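Just work_21.cif here, mmCIF, C-alpha atoms:
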data_target
loop_
_atom_site.group_PDB
_atom_site.id
_atom_site.type_symbol
_atom_site.label_atom_id
_atom_site.label_comp_id
_atom_site.auth_asym_id
_atom_site.auth_seq_id
_atom_site.Cartn_x
_atom_site.Cartn_y
_atom_site.Cartn_z
ATOM 1 C CA MET A 30 148.585 67.689 126.186
ATOM 2 C CA PRO A 31 147.413 66.923 122.669
ATOM 3 C CA ALA A 32 143.972 68.085 121.659
ATOM 4 C CA ALA A 33 141.206 65.486 121.890
ATOM 5 C CA HIS A 34 139.571 64.307 118.741
ATOM 6 C CA ALA A 35 136.482 62.354 117.897
ATOM 7 C CA PRO A 36 136.755 58.549 117.885
ATOM 8 C CA GLY A 37 137.504 57.195 114.454
ATOM 9 C CA SER A 38 138.833 60.512 113.104
ATOM 10 C CA VAL A 39 142.395 61.233 112.084
ATOM 11 C CA PRO A 40 144.074 63.796 114.342
ATOM 12 C CA LEU A 41 145.260 66.953 112.591
ATOM 13 C CA SER A 42 148.881 67.807 112.534
ATOM 14 C CA ALA A 43 150.200 71.097 113.859
ATOM 15 C CA ASP A 44 150.589 72.459 110.319
ATOM 16 C CA ALA A 45 147.036 71.456 109.371
ATOM 17 C CA ARG A 46 145.618 73.134 112.488
ATOM 18 C CA LEU A 47 147.573 76.308 111.667
ATOM 19 C CA LYS A 48 146.246 76.352 108.112
ATOM 20 C CA GLU A 49 142.671 75.873 109.385
ATOM 21 C CA ALA A 50 143.099 78.738 111.838
ATOM 22 C CA ASN A 51 144.483 80.943 109.084
ATOM 23 C CA ARG A 52 141.488 80.130 106.864
ATOM 24 C CA ARG A 53 139.088 81.078 109.643
ATOM 25 C CA LYS A 54 140.970 84.319 110.109
ATOM 26 C CA ILE A 55 140.714 85.040 106.379
ATOM 27 C CA TYR A 56 136.945 84.367 106.407
ATOM 28 C CA LEU A 57 136.440 86.607 109.438
ATOM 29 C CA HIS A 58 138.520 89.299 107.785
ATOM 30 C CA ARG A 59 136.280 89.155 104.706
ATOM 31 C CA LEU A 60 133.153 89.449 106.852
ATOM 32 C CA LEU A 61 134.235 92.033 109.418
ATOM 33 C CA GLY A 62 137.049 93.972 107.780
ATOM 34 C CA ASP A 63 140.406 95.096 109.062
ATOM 35 C CA ASP A 64 139.326 95.407 112.704
ATOM 36 C CA VAL A 65 139.482 91.614 113.211
ATOM 37 C CA SER A 66 143.231 91.366 113.551
ATOM 38 C CA GLY A 67 144.472 94.937 113.431
ATOM 39 C CA SER A 68 145.997 96.462 116.485
ATOM 40 C CA LYS A 69 144.030 99.217 118.197
ATOM 41 C CA ASP A 70 145.387 102.689 117.600
ATOM 42 C CA LYS A 71 145.720 104.855 120.650
ATOM 43 C CA GLY A 72 144.083 107.678 118.740
ATOM 44 C CA GLY A 73 141.133 105.481 117.779
ATOM 45 C CA LYS A 74 138.729 107.112 120.223
ATOM 46 C CA SER A 75 139.377 110.560 118.720
ATOM 47 C CA VAL A 76 138.913 109.328 115.152
ATOM 48 C CA THR A 77 135.704 107.500 116.086
ATOM 49 C CA TRP A 78 134.257 110.626 117.757
ATOM 50 C CA VAL A 79 134.935 112.812 114.710
ATOM 51 C CA ALA A 80 133.459 110.198 112.375
ATOM 52 C CA ALA A 81 130.342 109.936 114.533
ATOM 53 C CA LEU A 82 129.930 113.724 114.442
ATOM 54 C CA PHE A 83 130.171 113.845 110.660
ATOM 55 C CA PHE A 84 127.761 110.921 110.372
ATOM 56 C CA ALA A 85 125.221 112.658 112.638
ATOM 57 C CA ILE A 86 125.447 115.840 110.532
ATOM 58 C CA TYR A 87 124.986 113.794 107.360
ATOM 59 C CA VAL A 88 121.906 112.031 108.774
ATOM 60 C CA PHE A 89 120.360 115.353 109.824
ATOM 61 C CA VAL A 90 120.931 117.026 106.456
ATOM 62 C CA ALA A 91 119.740 113.985 104.500
ATOM 63 C CA SER A 92 116.603 113.673 106.634
ATOM 64 C CA PHE A 93 115.824 117.372 106.241
ATOM 65 C CA VAL A 94 116.175 117.247 102.447
ATOM 66 C CA ILE A 95 114.151 114.035 102.116
ATOM 67 C CA ILE A 96 111.322 115.302 104.331
ATOM 68 C CA ARG A 97 111.228 118.615 102.458
ATOM 69 C CA ARG A 98 111.101 116.920 99.071
ATOM 70 C CA SER A 99 108.519 114.361 100.190
ATOM 71 C CA SER A 100 105.890 116.781 101.484
ATOM 72 C CA VAL A 101 102.858 115.371 99.698
ATOM 73 C CA GLU A 102 100.464 117.769 101.403
ATOM 74 C CA TRP A 103 102.415 120.862 100.395
ATOM 75 C CA ARG A 104 102.782 119.783 96.783
ATOM 76 C CA SER A 105 99.109 118.918 96.614
ATOM 77 C CA GLU A 106 98.316 122.452 97.766
ATOM 78 C CA VAL A 107 100.560 123.860 95.036
ATOM 79 C CA TRP A 108 98.730 121.799 92.420
ATOM 80 C CA LEU A 109 95.302 122.786 93.742
ATOM 81 C CA GLY A 110 96.338 126.415 93.811
ATOM 82 C CA SER A 111 97.352 126.278 90.143
ATOM 83 C CA VAL A 112 94.171 124.645 88.845
ATOM 84 C CA THR A 113 91.523 126.043 91.203
ATOM 85 C CA GLY A 114 91.053 129.064 88.970
ATOM 86 C CA ILE A 115 90.299 126.814 86.011
ATOM 87 C CA TYR A 116 87.757 124.719 87.870
ATOM 88 C CA GLU A 117 86.042 127.593 89.692
ATOM 89 C CA GLN A 118 85.851 130.152 86.870
ATOM 90 C CA PRO A 119 82.408 129.920 85.168
ATOM 91 C CA PHE A 120 82.316 130.227 81.395
ATOM 92 C CA THR A 121 78.536 130.568 81.098
ATOM 93 C CA LEU A 122 76.387 132.698 83.385
ATOM 94 C CA THR A 123 72.937 132.302 81.818
ATOM 95 C CA PRO A 124 70.562 130.573 82.120
ATOM 96 C CA ILE A 125 72.709 128.719 84.695
ATOM 97 C CA PHE A 126 76.335 128.863 85.703
ATOM 98 C CA LYS A 127 78.502 126.353 83.862
ATOM 99 C CA TYR A 128 81.992 125.419 84.959
ATOM 100 C CA PHE A 129 84.875 123.324 83.676
ATOM 101 C CA ASP A 130 83.281 120.128 84.966
ATOM 102 C CA ASP A 131 80.190 120.920 82.862
ATOM 103 C CA ILE A 132 82.059 120.589 79.559
ATOM 104 C CA TYR A 133 80.576 117.567 77.797
ATOM 105 C CA THR A 134 80.577 118.350 74.058
ATOM 106 C CA THR A 135 82.886 119.888 71.484
ATOM 107 C CA ASP A 136 80.640 122.974 71.402
ATOM 108 C CA ASP A 137 81.171 123.313 75.157
ATOM 109 C CA VAL A 138 84.923 123.205 74.567
ATOM 110 C CA LEU A 139 84.753 126.077 72.071
ATOM 111 C CA ASP A 140 82.424 128.093 74.300
ATOM 112 C CA TRP A 141 84.727 127.536 77.249
ATOM 113 C CA ALA A 142 87.865 128.460 75.272
ATOM 114 C CA THR A 143 86.488 131.849 74.195
ATOM 115 C CA ARG A 144 84.446 132.806 77.256
ATOM 116 C CA PHE A 145 87.144 131.621 79.611
ATOM 117 C CA VAL A 146 89.392 134.177 77.935
ATOM 118 C CA TRP A 147 86.722 136.834 78.441
ATOM 119 C CA SER A 148 86.603 136.050 82.166
ATOM 120 C CA ILE A 149 90.357 136.547 82.419
ATOM 121 C CA VAL A 150 90.540 139.953 80.746
ATOM 122 C CA ALA A 151 87.125 141.496 81.337
ATOM 123 C CA LEU A 152 85.693 140.153 84.590
ATOM 124 C CA PRO A 153 85.230 143.148 86.917
ATOM 125 C CA GLY A 154 86.790 143.316 90.347
ATOM 126 C CA GLN A 155 90.004 141.407 89.660
ATOM 127 C CA LEU A 156 93.538 142.133 88.542
ATOM 128 C CA PRO A 157 94.359 141.921 84.810
ATOM 129 C CA LEU A 158 95.040 138.446 83.458
ATOM 130 C CA SER A 159 94.150 136.756 86.745
ATOM 131 C CA LEU A 160 92.074 133.700 87.578
ATOM 132 C CA VAL A 161 89.916 134.044 90.694
ATOM 133 C CA GLY A 162 92.348 136.668 91.976
ATOM 134 C CA PHE A 163 95.385 134.524 92.842
ATOM 135 C CA ASN A 164 96.570 132.970 89.560
ATOM 136 C CA ARG A 165 98.055 135.287 86.979
ATOM 137 C CA LEU A 166 98.344 134.275 83.340
ATOM 138 C CA MET A 167 101.989 134.752 82.477
ATOM 139 C CA PRO A 168 102.848 137.007 79.560
ATOM 140 C CA ALA A 169 104.343 135.747 76.349
ATOM 141 C CA GLU A 170 105.370 139.093 74.865
ATOM 142 C CA SER A 171 105.683 142.465 76.637
ATOM 143 C CA ASP A 172 102.706 142.585 79.029
ATOM 144 C CA GLU A 173 100.315 140.397 77.027
ATOM 145 C CA GLY A 174 99.190 136.976 78.234
ATOM 146 C CA ALA A 175 98.911 134.020 75.886
ATOM 147 C CA ILE A 176 97.000 130.756 75.670
ATOM 148 C CA TYR A 177 98.051 128.201 73.045
ATOM 149 C CA LEU A 178 95.678 125.854 71.222
ATOM 150 C CA THR A 179 96.457 122.685 69.287
ATOM 151 C CA TYR A 180 93.544 121.476 67.196
ATOM 152 C CA ARG A 181 93.438 118.085 65.430
ATOM 153 C CA ARG A 182 90.886 116.800 62.939
ATOM 154 C CA MET A 183 89.763 113.342 61.905
ATOM 155 C CA LYS A 184 89.425 112.279 58.284
ATOM 156 C CA LEU A 185 85.995 111.211 57.093
ATOM 157 C CA SER A 186 85.133 108.224 54.920
ATOM 158 C CA ASP A 187 82.126 107.240 52.859
ATOM 159 C CA SER A 188 79.818 105.428 55.262
ATOM 160 C CA SER A 189 78.426 103.267 52.478
ATOM 161 C CA THR A 190 81.600 101.176 52.763
ATOM 162 C CA ASP A 191 81.325 100.945 56.547
ATOM 163 C CA LEU A 192 79.622 97.725 57.614
ATOM 164 C CA ALA A 193 78.631 99.326 60.925
ATOM 165 C CA THR A 194 76.309 101.739 59.097
ATOM 166 C CA THR A 195 73.153 100.168 57.646
ATOM 167 C CA ARG A 196 71.536 101.277 54.392
ATOM 168 C CA ARG A 197 68.632 102.697 56.373
ATOM 169 C CA PHE A 198 70.828 105.221 58.230
ATOM 170 C CA GLN A 199 73.452 105.801 55.548
ATOM 171 C CA PRO A 200 71.571 108.762 53.955
ATOM 172 C CA LEU A 201 71.407 110.463 57.379
ATOM 173 C CA TYR A 202 75.107 109.894 58.074
ATOM 174 C CA PRO A 203 76.895 109.895 54.712
ATOM 175 C CA ASN A 204 80.351 110.163 56.309
ATOM 176 C CA THR A 205 82.008 108.404 59.247
ATOM 177 C CA TRP A 206 85.332 108.685 61.053
ATOM 178 C CA LEU A 207 88.240 106.642 59.754
ATOM 179 C CA ALA A 208 89.243 105.740 63.327
ATOM 180 C CA SER A 209 87.530 105.576 66.682
ATOM 181 C CA GLU A 210 89.565 108.377 68.306
ATOM 182 C CA LEU A 211 92.233 111.002 67.736
ATOM 183 C CA LYS A 212 93.814 111.770 71.086
ATOM 184 C CA GLY A 213 95.776 114.930 71.671
ATOM 185 C CA GLY A 214 99.515 114.494 72.052
ATOM 186 C CA THR A 215 99.699 111.021 70.505
ATOM 187 C CA ALA A 216 101.148 109.875 67.217
ATOM 188 C CA THR A 217 98.571 109.247 64.504
ATOM 189 C CA GLY A 218 98.426 107.457 61.205
ATOM 190 C CA ASP A 219 96.755 108.265 57.928
ATOM 191 C CA PHE A 220 93.424 109.002 59.592
ATOM 192 C CA GLU A 221 94.376 112.541 60.717
ATOM 193 C CA ASP A 222 93.214 115.331 58.407
ATOM 194 C CA THR A 223 96.001 117.800 57.578
ATOM 195 C CA ASP A 224 94.387 119.742 54.713
ATOM 196 C CA LEU A 225 94.417 123.526 54.630
ATOM 197 C CA LEU A 226 91.383 124.951 56.448
ATOM 198 C CA VAL A 227 89.465 127.893 55.029
ATOM 199 C CA SER A 228 86.828 129.988 56.805
ATOM 200 C CA GLY A 229 85.841 133.190 55.037
ATOM 201 C CA ASN A 230 88.991 135.232 54.482
ATOM 202 C CA PHE A 231 91.006 133.205 56.984
ATOM 203 C CA THR A 232 93.106 130.094 56.403
ATOM 204 C CA TRP A 233 94.621 127.705 58.925
ATOM 205 C CA ARG A 234 97.650 125.625 58.017
ATOM 206 C CA TYR A 235 98.596 122.312 59.657
ATOM 207 C CA GLU A 236 102.014 122.372 61.329
ATOM 208 C CA PRO A 237 103.691 118.941 61.643
ATOM 209 C CA GLY A 238 105.931 118.359 64.649
ATOM 210 C CA ALA A 239 104.552 121.400 66.492
ATOM 211 C CA GLY A 240 101.976 122.069 69.171
ATOM 212 C CA TYR A 241 101.097 119.883 72.142
ATOM 213 C CA LYS A 242 103.860 117.311 72.764
ATOM 214 C CA ARG A 243 105.177 118.197 69.283
ATOM 215 C CA GLN A 244 102.800 115.758 67.611
ATOM 216 C CA GLY A 245 101.503 118.268 65.075
ATOM 217 C CA GLY A 246 98.197 120.029 64.608
ATOM 218 C CA TYR A 247 96.587 123.351 63.776
ATOM 219 C CA ILE A 248 98.264 125.839 66.132
ATOM 220 C CA ALA A 249 96.661 129.058 67.364
ATOM 221 C CA LYS A 250 97.666 131.601 69.991
ATOM 222 C CA MET A 251 95.051 133.525 71.951
ATOM 223 C CA VAL A 252 96.611 136.864 72.916
ATOM 224 C CA LEU A 253 95.162 138.635 75.960
ATOM 225 C CA PRO A 254 95.998 142.298 76.694
ATOM 226 C CA THR A 255 96.366 143.694 80.199
ATOM 227 C CA SER A 256 94.243 146.689 79.268
ATOM 228 C CA GLY A 257 91.578 147.510 76.736
ATOM 229 C CA GLY A 258 89.244 144.646 77.541
ATOM 230 C CA PHE A 259 88.042 141.658 75.564
ATOM 231 C CA ASP A 260 87.805 143.526 72.244
ATOM 232 C CA LYS A 261 91.533 144.284 72.214
ATOM 233 C CA GLY A 262 92.441 140.613 72.308
ATOM 234 C CA TYR A 263 92.808 138.423 69.261
ATOM 235 C CA VAL A 264 93.600 134.917 68.037
ATOM 236 C CA GLN A 265 96.700 134.500 65.923
ATOM 237 C CA VAL A 266 96.249 131.761 63.324
ATOM 238 C CA ASN A 267 99.514 131.289 61.453
ATOM 239 C CA ASP A 268 100.286 134.881 60.368
ATOM 240 C CA GLN A 269 96.705 136.166 60.599
ATOM 241 C CA ARG A 270 94.800 137.854 63.402
ATOM 242 C CA MET A 271 91.126 137.276 64.009
ATOM 243 C CA GLY A 272 88.725 138.194 66.789
ATOM 244 C CA PHE A 273 87.615 135.713 69.423
ATOM 245 C CA VAL A 274 84.053 135.658 68.082
ATOM 246 C CA ASP A 275 85.230 135.075 64.488
ATOM 247 C CA PHE A 276 87.436 132.235 65.682
ATOM 248 C CA ARG A 277 84.585 130.609 67.601
ATOM 249 C CA GLU A 278 82.205 130.796 64.626
ATOM 250 C CA ALA A 279 84.726 129.600 62.027
ATOM 251 C CA THR A 280 83.563 126.763 59.800
ATOM 252 C CA TRP A 281 86.618 124.602 60.426
ATOM 253 C CA PHE A 282 85.051 123.312 63.641
ATOM 254 C CA GLY A 283 82.480 120.575 63.086
ATOM 255 C CA PRO A 284 82.118 116.782 62.856
ATOM 256 C CA THR A 285 85.858 116.354 62.247
ATOM 257 C CA PHE A 286 86.748 117.735 65.702
ATOM 258 C CA GLY A 287 89.145 115.086 67.057
ATOM 259 C CA SER A 288 90.892 116.791 69.972
ATOM 260 C CA MET A 289 92.013 120.140 71.289
ATOM 261 C CA ALA A 290 94.834 120.899 73.713
ATOM 262 C CA VAL A 291 94.904 124.199 75.610
ATOM 263 C CA GLN A 292 98.197 125.264 77.184
ATOM 264 C CA MET A 293 99.015 128.171 79.489
ATOM 265 C CA ALA A 294 101.462 129.218 82.211
ATOM 266 C CA LEU A 295 100.255 130.588 85.561
ATOM 267 C CA TYR A 296 102.023 132.359 88.400
ATOM 268 C CA ASN A 297 100.659 131.909 91.924
ATOM 269 C CA PRO A 298 102.065 134.471 94.431
ATOM 270 C CA ASN A 299 100.537 132.679 97.429
ATOM 271 C CA TYR A 300 102.742 129.637 96.841
ATOM 272 C CA GLN A 301 105.476 131.402 94.859
ATOM 273 C CA SER A 302 105.040 128.866 92.089
ATOM 274 C CA ILE A 303 104.938 128.805 88.313
ATOM 275 C CA SER A 304 102.699 126.186 86.720
ATOM 276 C CA ARG A 305 102.340 125.019 83.163
ATOM 277 C CA ILE A 306 98.785 123.839 82.632
ATOM 278 C CA ASP A 307 97.860 121.457 79.813
ATOM 279 C CA LEU A 308 94.148 120.888 79.225
ATOM 280 C CA VAL A 309 93.291 118.175 76.692
ATOM 281 C CA PHE A 310 89.808 117.522 75.313
ATOM 282 C CA ASN A 311 89.388 114.276 73.367
ATOM 283 C CA ALA A 312 86.177 113.897 71.360
ATOM 284 C CA ARG A 313 84.067 111.087 70.008
ATOM 285 C CA GLU A 314 82.439 110.884 66.594
ATOM 286 C CA THR A 315 79.108 111.808 68.201
ATOM 287 C CA GLY A 316 80.420 115.218 69.264
ATOM 288 C CA LEU A 317 80.528 114.195 72.923
ATOM 289 C CA LEU A 318 83.807 114.209 74.795
ATOM 290 C CA ALA A 319 85.614 110.957 75.452
ATOM 291 C CA GLY A 320 87.437 112.601 78.352
ATOM 292 C CA LYS A 321 89.222 115.651 79.724
ATOM 293 C CA ILE A 322 92.779 115.702 81.044
ATOM 294 C CA VAL A 323 94.216 118.379 83.327
ATOM 295 C CA ASP A 324 98.013 118.132 83.512
ATOM 296 C CA SER A 325 99.852 120.535 85.826
ATOM 297 C CA ARG A 326 103.625 120.889 86.090
ATOM 298 C CA SER A 327 104.495 123.260 88.915
ATOM 299 C CA MET A 328 107.855 124.625 89.956
ATOM 300 C CA LEU A 329 108.376 126.433 93.242
ATOM 301 C CA LEU A 330 110.612 129.496 93.028
ATOM 302 C CA ASP A 331 113.187 127.762 95.197
ATOM 303 C CA VAL A 332 116.343 126.217 93.761
ATOM 304 C CA TYR A 333 116.117 123.341 96.244
ATOM 305 C CA ASP A 334 112.654 122.230 95.180
ATOM 306 C CA PRO A 335 111.981 119.869 92.275
ATOM 307 C CA ILE A 336 109.192 120.101 89.752
ATOM 308 C CA THR A 337 105.828 118.815 90.936
ATOM 309 C CA ASP A 338 103.884 116.846 88.321
ATOM 310 C CA LYS A 339 100.287 115.829 88.636
ATOM 311 C CA ALA A 340 97.628 114.813 86.167
ATOM 312 C CA ASP A 341 93.884 114.693 86.658
ATOM 313 C CA ILE A 342 91.900 112.574 84.214
ATOM 314 C CA CYS A 343 88.272 113.610 84.007
ATOM 315 C CA ILE A 344 85.777 111.349 82.302
#

Using structure tokens, write down the structure from this file.
Amino acid sequence: MPAAHAPGSVPLSADARLKEANRRKIYLHRLLGDDVSGSKDKGGKSVTWVAALFFAIYVFVASFVIIRRSSVEWRSEVWLGSVTGIYEQPFTLTPIFKYFDDIYTTDDVLDWATRFVWSIVALPGQLPLSLVGFNRLMPAESDEGAIYLTYRRMKLSDSSTDLATTRRFQPLYPNTWLASELKGGTATGDFEDTDLLVSGNFTWRYEPGAGYKRQGGYIAKMVLPTSGGFDKGYVQVNDQRMGFVDFREATWFGPTFGSMAVQMALYNPNYQSISRIDLVFNARETGLLAGKIVDSRSMLLDVYDPITDKADICI
């Protein structure tokens, strides 16, 4: 019996119906794959069972790796463990205790840089080169620890040409900054001072393309011994060695202080981690800090764990 068709429509021939069926089969094949028209293999159940087993193993392994790599709590603990020593170690004991969060001026930065070193090598009751007992400053050479400094200076201009400085205050402030800021680790223009610095018998040479983020600056290395105390340590400025006190009192620190980056590597045995700590202090023309940045890059001593990065911006 011929197939019924709608009134007013032209009935399809046998060839046309076959072509339409073939087109539908082609469309279904594109959507669903080879299983639409393929004959079922007698061994299909065995192949399907093996594939399901492999897929279950893959899902388990993938879930385990993803969960392990996405442990926010664990990685936060690693970061806190690497920077706790910096935040909790006081750098001034009298008349009151002052900590990292109490650094507000460029003088505070210099006091912290030198007295922080003293607390690492000379504080009684702790292991050599350790911070609060569980972070050890990693050595750079033999058994000596090292902290690296990158210092950048701002050029000064004659304030009489600066419209922001009135004639009344110009005698009190004869020089002003050429720019509003000189951030550590950023590219600068002609407003960065790169002249040779001289303080007594010591000189400090600018090194382009070196230091923090390879953006140039005056580079110094604070060398900390494991024995002998604070007096055995020194600051290496280019090829010269000077004591920590001489470095702190040098005349090259002053109103041109633009920024200073402090870099060190710490080992934490509690978490079996190695952390590179970058501390950046950006200053204003007034001598107050525009902000502090604590950047920690930690690596667990496990080949299956990635590097954990975290930055803390302190204003």

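Here atom CA of Ser304 of chain A stands at a distance of 22.7 Å from atom CA of Ile95 of chain A.
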
Checklist entry - Using only C-alpha atoms, which of A:Val323, A:Ile96, A:Val146, A:Ala175 sits nearest Ala290 of chain A? => result A:Val323

Item to check | Expected residue set, 6 Å radius at (92.6, 140.5, 74.3), all atoms listed in the file, as a list in words | outcome: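 Output of the proximity query reads Val252, Leu253, Pro254, Phe259, Lys261, Gly262 and Tyr263 of chain A.
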
Residues from the last selection, C-alpha atoms, saved as a compact mmCIF listing (two decimals), keeping the file's coordinate frame:
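Listed below is the output, part31.txt:
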# COMPACT_ATOMS: atom_id res chain seq x y z
CA VAL A 252 96.61 136.86 72.92
CA LEU A 253 95.16 138.64 75.96
CA PRO A 254 96.00 142.30 76.69
CA PHE A 259 88.04 141.66 75.56
CA LYS A 261 91.53 144.28 72.21
CA GLY A 262 92.44 140.61 72.31
CA TYR A 263 92.81 138.42 69.26

Checklist entry - What do you get, as a list in words, if you spell out every residue that the PyMOL selection byres ((chain A and resi 214) around 9) selects here? => result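 When the PyMOL selection byres ((chain A and resi 214) around 9) is applied, the selected residues are Lys212, Gly213, Thr215, Ala216, Gly240, Tyr241, Lys242, Arg243, Gln244, Gly245, Ala290 and Val309 of chain A.
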
Excluding same-chain residues fewer than 2 positions from Glu117 of chain A, what lies within 10 Å of it counting only C-alpha atoms, as a tab-separated table (two decimals) with C-alpha atoms, in the coordinates of the input?
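Output saved as selection.tsv:
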chain	number	residue	atom	x	y	z
A	112	VAL	CA	94.17	124.64	88.84
A	113	THR	CA	91.52	126.04	91.20
A	114	GLY	CA	91.05	129.06	88.97
A	115	ILE	CA	90.30	126.81	86.01
A	119	PRO	CA	82.41	129.92	85.17
A	120	PHE	CA	82.32	130.23	81.40
A	127	LYS	CA	78.50	126.35	83.86
A	128	TYR	CA	81.99	125.42	84.96
A	129	PHE	CA	84.88	123.32	83.68
A	130	ASP	CA	83.28	120.13	84.97
A	160	LEU	CA	92.07	133.70	87.58
A	161	VAL	CA	89.92	134.04	90.69

Checklist entry - So what do you get for atom CA of Arg181 of chain A versus atom CA of Arg165 of chain A, distance-wise? => result 28.0 Å

Item to check | Explicit residues for the PyMOL selection byres ((chain A and resi 319) around 9) (as a ChimeraX atom specification) | outcome: /A:133,210,310-313,317-318,320-321,344

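The coordinates place atom CA of Phe276 of chain A at 9.2 Å from atom CA of Ser228 of chain A.
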
Next on the checklist: Starting from the PyMOL selection byres ((chain A and resi 301) around 10), expand the selection into actual residues of this file and give them as a PyMOL selection string.
Outcome noted: chain A and resi 107+296-300+302-303+328-331

Include C-alpha atoms and write out the residues we just selected as an mmCIF file, in the coordinates of the input.
data_model
loop_
_atom_site.group_PDB
_atom_site.id
_atom_site.type_symbol
_atom_site.label_atom_id
_atom_site.label_comp_id
_atom_site.auth_asym_id
_atom_site.auth_seq_id
_atom_site.Cartn_x
_atom_site.Cartn_y
_atom_site.Cartn_z
ATOM 1 C CA VAL A 107 100.560 123.860 95.036
ATOM 2 C CA TYR A 296 102.023 132.359 88.400
ATOM 3 C CA ASN A 297 100.659 131.909 91.924
ATOM 4 C CA PRO A 298 102.065 134.471 94.431
ATOM 5 C CA ASN A 299 100.537 132.679 97.429
ATOM 6 C CA TYR A 300 102.742 129.637 96.841
ATOM 7 C CA SER A 302 105.040 128.866 92.089
ATOM 8 C CA ILE A 303 104.938 128.805 88.313
ATOM 9 C CA MET A 328 107.855 124.625 89.956
ATOM 10 C CA LEU A 329 108.376 126.433 93.242
ATOM 11 C CA LEU A 330 110.612 129.496 93.028
ATOM 12 C CA ASP A 331 113.187 127.762 95.197
#

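The smallest atom-to-atom distance between Pro284 of chain A and any of A:Glu236, A:Glu221, A:Glu314, A:Glu106, using all atoms listed in the file, is found for A:Glu314.
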
Checklist entry - Nearest to Lys184 of chain A: which of A:Leu207, A:Val94, A:Val138, A:Ile248 is it, counting all atoms listed in the file? => result A:Leu207

Next on the checklist: Using all atoms listed in the file, which protein or nucleic acid residues come within 6 Å of Tyr235 of chain A? Drop anything in the same chain fewer than 5 positions from it, and give the result as a list of chain:residue names.
Outcome noted: A:Thr223, A:Gly246, A:Tyr247

Can you report as lines of an AutoDock Vina configuration file the centre and edge lengths in Å, to one decimal, of an axis-aligned box around the listed atoms of segment 136-145 of chain A padded with 5 Å on each side?
center_x = 84.3
center_y = 127.9
center_z = 75.5
size_x = 17.2
size_y = 19.8
size_z = 18.2

Item to check | Pick from A:Leu139, A:Val90, A:Phe145, A:Ala208 nearest to Ser186 of chain A, counting all atoms listed in the file | outcome: A:Ala208
